[in-house]
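Okay, so here's the structure we're looking at.
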Amino acid sequence: MKAMAVRPLLLFFFFAQVRLSFSGELSSMESIPDLQESMYMVVDGYPCVRLLNRSGKIGCSNPGREKVVASIRRFRNANDLTQSTAVLVSLDELQDLLHRYRSIHICFRISNDVSFHKNIVGVLVESGAEIRDKLKGFSPTQKFPQAEFAPYPSINYEWNSMVCYQSIGSGIMLKAYDFPVFLLSESSTSMLQEVADKNEKVMNGYTTSVAEFDLVMQTCLPLGGYSVWSSLPPINMSSSYQSKPIILLVASMDSASFFRDKSLGADSPISGLLSLLAAVDALSRVDGWNDLNKQLVFLVLTGEAWGYLGSRRFLHELDMQSDGVSGLNSSLIEMVLEIGSVGKGSSQGVKTFFTHTTGVSSAVNDALDALKRAQDSLKSENIEVLSSNSSNPGIPPSSLMAFLKKNSLTSGIVLEDFDTAFTNKFYHSHLDDMANINSSAVVAAASLIARSLYILASDNNDRHSSVLGAINVNTSLVEELMGCLLSCKPGLSCEMVKNYIAPANVCPSHYVGVVIGEPSFKPYLGYVDDVSRFVWNFLADRTSTPKENASSRCSKDCTNEDEVCIRAEINGKGVCVISTTRYVPAYSTRLMFESGTWNVLPPNSSDSMGSVDPVWTESNWNTIGLRVYTIQNGAYDHLILIGGITVTILAYFMIALARSFITKALKRD
Amino acid sequence: MTVAAGIGYALIALGPSLSLFVAVISKKPFLILTVLSSTLLWLISLIVLSGIWRAFLPLKSTTWWPFALLIISSVGFQEGLRVLFWKVYKRLEDTLDAFADRVGKPRLFLTDKMQIALAGGLGHGVAHAVFFCLSLLTPAFGPATFYVDRCPQMPFFLISAIIALAFVTIHTFSMVIAFNGYAEGNTTDQYFVPVVHLVAGMVVKSAFARCFCLLSQKFSLLRILFLIVLKNCQLSPETALVVFVWLNVLCHACSF
């Protein structure tokens, strides 16, 4: 039969075509969620978020309530953009781009094109070690940060020389952008550079890789946090008479940056905080504080970068004689010593610091003498304390400004590592990290401060000079604190921090955050951020006097009014100690929390800083995210649909044809 | 990729079976029942196989023979089930014929028998397509697409839809050929079907080794099967060969 002869032929053709090949590679996907995950790459990014104030808004946001989806391209090729693009930029290109968006004339330009390309709908900023080395500096804030709060009229003075533009006004951080901006982590940077390059090559594009920005911003909460103050020796609450003059040591613990979650502020101001903590540690090992004539109070403020919230609120509460500051009286404050940026004071082995004073008064002179004596006693450390240049218009931007505005006769000194302008090239930027400071400078500043404070408290009495030589700062403590507060490894999960609190995050961020719930002097600890809680516990522990009886365990509060419960968050380790350490809420003096909502108060003539306060608030958001995935052309999708429909209809016709053919064939039989 | 593409992929995989259902199966309720029962049978075979192989999965092996073993055992089991299906069908046929005799109606024609076989095959094919393609299509309705490294010319979902389409056709026609083979006692046809099934399974496992190579293999299998069906309908062998060669050329042209 002829049919039989065909069969081997068919089989031959069949086997000739079959090529068996086995895969050596395994697919690592085992389920649909795995497939979904490999389709959508979630990118680590630090967003720039929307902040609002009385007069307007700053920061970045998606233009509407939708996610922004755009294909990824590098900035230098952006001039021939035909469709919405998410540009991948380096940091100097970012400055150029944002200045163009806001039409600010800048000193140096990357290209001559003055217009902002309308097709740029999202910005991804690269990061990497080579970027900071290439840059001279980067500071997204103003030439004179928070100039409106200065107690002197020269608001044109350039404290921050890294900002270069011809018009006076805000830097890029203080402008509003209607598109999302994300800072990428180092691993994501290389991944997205590959994606952008791939997009360049496949220019025909029926597929392209896109970035999806989810940065939808809504209503807002006020910026603020919790400052901490502690006194050495602890104030005896039961004895109502408290008349020792107070020497106040101030530092701040918050910073700002263009990218909210990457505000480390290593030099400005965390180096100051580290010096304060190290100085407290050194001073705590000295005995006999009760015999001295003066009282030391340590104050760690937050919210200073956003309108001096901490210092203004603290002074306000002092005036109101609130519970949280009981034991303090503003008339008793004899001297305010502030530690500003001290991390860059070290060069060629010599640590140089500058004192910026509020004027000439006996208290200031005493303090300057004390610093001189301390410097002399630390001969081996090679420390130099110099007065700031007299051509400076006044004190640099610092919390002392709030004290001066409250009382222009305040005697104060700000200790900084710069003279006429910031030496910090990365002021208020995400690059002000641990590599920007020197631990020896911090140790030197701490030693200087500790000894000066002792000299001041002991009224410069020579009888105590032997004790002076024994006040030494623990270098390893400073280095450990740097690792805890300025890096992610070990970050807040380091031994020292975990000894006191249960941190919510591992990577520290010194952005002030928002005030959640009602601000109070005994806040719910879940609403207080990790660094504030750590500082509170550290200060309480160091300034505590040892108890004669055994310490009692506690989990929240102690029965005795003079005692506080430290290490309360660690299970079973909470212990009551005699210490005066309190939280003070830090939020704008123009705001009041009443019956569940925040109200803006009208300006008060007695509160001159409040009338220029922008009253910063932060936008609420649902989720913030950045995803990268590949998409197909719309035309391709429609082609597939048409293909599917065609296949279906074609099959139908073929079946109908076959059926009629078979019926006819059967009828033949 | 969006909804349009998702629907497109679903139609590519299951469109022809839908057409077949509407054109042939839906006319006779008995065929609908056959489709459903063969789908169920195929799913049960999958469950049993996964139950047996669960202890050994996932196969984290870089050598090929565990996978080959997996495929061979699964195909063998399913072919065994096909024989079982055939036996049940034979009993059913006898029952139906006896019933027809009793009420004085004609017995099952050849076309009826082929239609039942077709329905059985369609049930298998639809179950395969739903399990191995439609279940993967959920991410296809989102905005992103996915390309496998080994086959960067086409999206993953398109490849899986085309393979599902091929398998639907293979299963449908295999059942027809197998039943014909069992009925006529034709051993070549009887052995041909399991071999084709096995080869198809092995080729898919080669995991997109070469996109177009893979797809042309699929289509060559299809061509063979289609021609065998036509042969059974007494198409002249010369015509069959002409059609075969023509299809061959066409498919090779497409793969470039």
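Chains: A, B, ... in order of the structure tokens. Residues: from 1 per chain. Ligands: from 1, in order shown.
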
Per-residue nearest contacts of chain B to chain A (6 Å; only C-alpha atoms) as a tab-separated table:
residue	atom	partner	partner_atom	distance
B:Ala4	CA	A:Leu641	CA	5.8
B:Ala5	CA	A:Asp637	CA	4.6
B:Gly8	CA	A:Leu641	CA	3.7
B:Leu11	CA	A:Gly644	CA	4.6
B:Ile12	CA	A:Gly644	CA	4.4
B:Gly15	CA	A:Thr648	CA	4.3
B:Pro16	CA	A:Thr648	CA	4.9
B:Ser19	CA	A:Tyr652	CA	4.9
B:Thr62	CA	A:Gly24	CA	5.7
B:Ala144	CA	A:Ile631	CA	4.8
B:Thr145	CA	A:Ile631	CA	5.4
B:Phe146	CA	A:Met39	CA	5.8
B:Ser206	CA	A:Phe22	CA	4.5
B:Pro237	CA	A:Ala3	CA	5.8

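If you look at CA of Gly6 (chain B) and CA of Met41 (chain A), they are 20.5 Å away from each other.
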
Original post:
In Å to one decimal, how far is CA of Gln190 (chain B) from CA of Lys667 (chain A)?
Top reply: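 Atom-to-atom, CA of Lys667 (chain A) to CA of Gln190 (chain B), that is 27.7 Å.
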
**OP:** Would you kindly return, as number ranges by chain, each protein, DNA or RNA residue with an atom no farther than 9 Å from any atom of Leu91 (chain A), considering only C-alpha atoms and excluding same-chain residues fewer than 4 positions away?
**Re:** A: 95-96, 125-127, 131-132, 135, 138

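Proximity ranking of A:Leu481, A:Ile437, A:Met401, A:Ala266 relative to Ser347 (chain A) places A:Ile437 first, based on only C-alpha atoms.
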
Original post:
Where does DSSP see strand (DSSP E) in region 309-431 of chain A, if you list the residues as a list in words?
Top reply: Ile333, Glu334, Met335, Val336, Leu337, Glu338, Ile339, Ser346, Ser347, Val350, Lys351, Thr352, Phe353, Phe354, Thr355, His356, Thr357, Ile383, Glu384, Val385, Leu386, Ser387, Gly412, Ile413, Val414, Leu415 and Glu416 of chain A

Original post:
Would you give me, as an NGL selection string, the residues in region 25-177 of chain B that DSSP reads as helix (DSSP H, G or I)?
Top reply: :B and (25-27 or 29-53 or 65-103 or 110-132 or 134-136 or 138-141 or 156-177)

Original post:
Got a sec: who's within 12 Å of Phe85 (chain B), counting only C-alpha atoms, leaving out chain neighbours fewer than 4 positions off, as a PyMOL selection string?
Top reply: chain B and resi 34+37-42+45+78-81+89-93+116-117+120-121+124+175+178-179+182

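When CA of Gly185 (chain B) is paired with CA of Gly104 (chain B), their separation reads 29.2 Å.
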
Identify, on the basis of only C-alpha atoms, every residue whose closest approach to region 525-533 of chain A does not exceed 9 Å; exclude the query and any residue fewer than 2 positions from it along the same chain; express the result as a short mmCIF file (atom, residue, chain, number, x, y, z; two decimals) with N, CA and C atoms, in the first residue's frame.
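After the write, selection-v7.cif holds the following:
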data_model
loop_
_atom_site.label_atom_id
_atom_site.label_comp_id
_atom_site.auth_asym_id
_atom_site.auth_seq_id
_atom_site.Cartn_x
_atom_site.Cartn_y
_atom_site.Cartn_z
N GLY A 225 10.78 66.38 67.20
CA GLY A 225 11.27 65.17 67.86
C GLY A 225 11.35 65.43 69.35
N TYR A 226 12.30 64.76 69.99
CA TYR A 226 12.47 64.92 71.42
C TYR A 226 13.92 65.23 71.76
N SER A 227 14.15 66.41 72.32
CA SER A 227 15.49 66.76 72.81
C SER A 227 15.66 66.13 74.20
N VAL A 228 16.92 66.08 74.64
CA VAL A 228 17.20 65.47 75.94
C VAL A 228 18.06 66.43 76.75
N MET A 253 21.53 67.00 67.54
CA MET A 253 21.63 65.64 67.01
C MET A 253 20.84 65.43 65.73
N VAL A 300 20.94 68.16 74.62
CA VAL A 300 21.09 67.66 73.25
C VAL A 300 19.78 67.97 72.52
N THR A 302 17.19 68.57 69.12
CA THR A 302 16.89 68.06 67.78
C THR A 302 16.01 69.07 67.06
N LEU A 485 26.70 55.47 65.39
CA LEU A 485 25.82 56.54 64.95
C LEU A 485 26.06 57.01 63.53
N LEU A 492 23.06 50.87 64.59
CA LEU A 492 22.41 50.92 65.88
C LEU A 492 22.28 49.55 66.53
N VAL A 497 24.74 50.61 71.92
CA VAL A 497 23.35 51.04 71.78
C VAL A 497 22.41 49.96 72.30
N TYR A 500 21.41 49.79 75.88
CA TYR A 500 20.46 50.72 76.47
C TYR A 500 19.06 50.63 75.87
N ILE A 501 18.98 50.46 74.56
CA ILE A 501 17.65 50.48 73.93
C ILE A 501 17.49 49.31 72.96
N ALA A 502 16.25 49.11 72.53
CA ALA A 502 15.97 48.15 71.46
C ALA A 502 15.71 48.99 70.21
N PRO A 503 16.72 49.14 69.35
CA PRO A 503 16.55 50.07 68.24
C PRO A 503 15.57 49.57 67.19
N ALA A 504 14.86 50.53 66.59
CA ALA A 504 13.89 50.16 65.55
C ALA A 504 14.57 49.91 64.21
N ASN A 505 15.68 50.62 63.97
CA ASN A 505 16.39 50.45 62.71
C ASN A 505 17.84 50.13 62.98
N PRO A 508 21.53 54.22 61.10
CA PRO A 508 21.08 55.45 61.77
C PRO A 508 20.77 56.53 60.74
N SER A 509 19.77 57.33 61.06
CA SER A 509 19.49 58.48 60.20
C SER A 509 19.20 59.63 61.14
N HIS A 510 19.80 60.76 60.87
CA HIS A 510 19.64 61.87 61.80
C HIS A 510 18.69 62.92 61.28
N VAL A 512 15.19 64.69 61.54
CA VAL A 512 14.43 64.91 62.76
C VAL A 512 13.14 64.10 62.84
N GLY A 513 12.48 63.88 61.71
CA GLY A 513 11.23 63.12 61.75
C GLY A 513 10.05 64.01 62.08
N VAL A 515 6.43 64.76 64.54
CA VAL A 515 5.88 64.56 65.88
C VAL A 515 4.63 63.70 65.72
N ILE A 516 4.66 62.54 66.34
CA ILE A 516 3.51 61.63 66.25
C ILE A 516 2.74 61.75 67.55
N GLY A 517 1.47 61.94 67.43
CA GLY A 517 0.66 62.01 68.64
C GLY A 517 0.88 63.32 69.36
N LYS A 522 6.71 63.14 79.06
CA LYS A 522 6.91 61.72 79.30
C LYS A 522 6.29 61.00 78.11
N PRO A 523 6.96 61.05 76.97
CA PRO A 523 6.32 60.52 75.77
C PRO A 523 6.28 59.01 75.75
N VAL A 535 20.53 58.59 73.54
CA VAL A 535 21.19 59.71 74.23
C VAL A 535 20.61 59.87 75.63
N TRP A 536 19.29 59.71 75.75
CA TRP A 536 18.66 59.83 77.07
C TRP A 536 19.22 58.78 78.03
N ASN A 537 19.26 57.55 77.57
CA ASN A 537 19.76 56.47 78.42
C ASN A 537 21.23 56.65 78.77
N PHE A 538 22.01 57.06 77.78
CA PHE A 538 23.45 57.25 77.99
C PHE A 538 23.70 58.34 79.03
N TYR A 583 13.12 64.24 78.76
CA TYR A 583 12.84 64.55 77.35
C TYR A 583 12.16 65.92 77.30
#
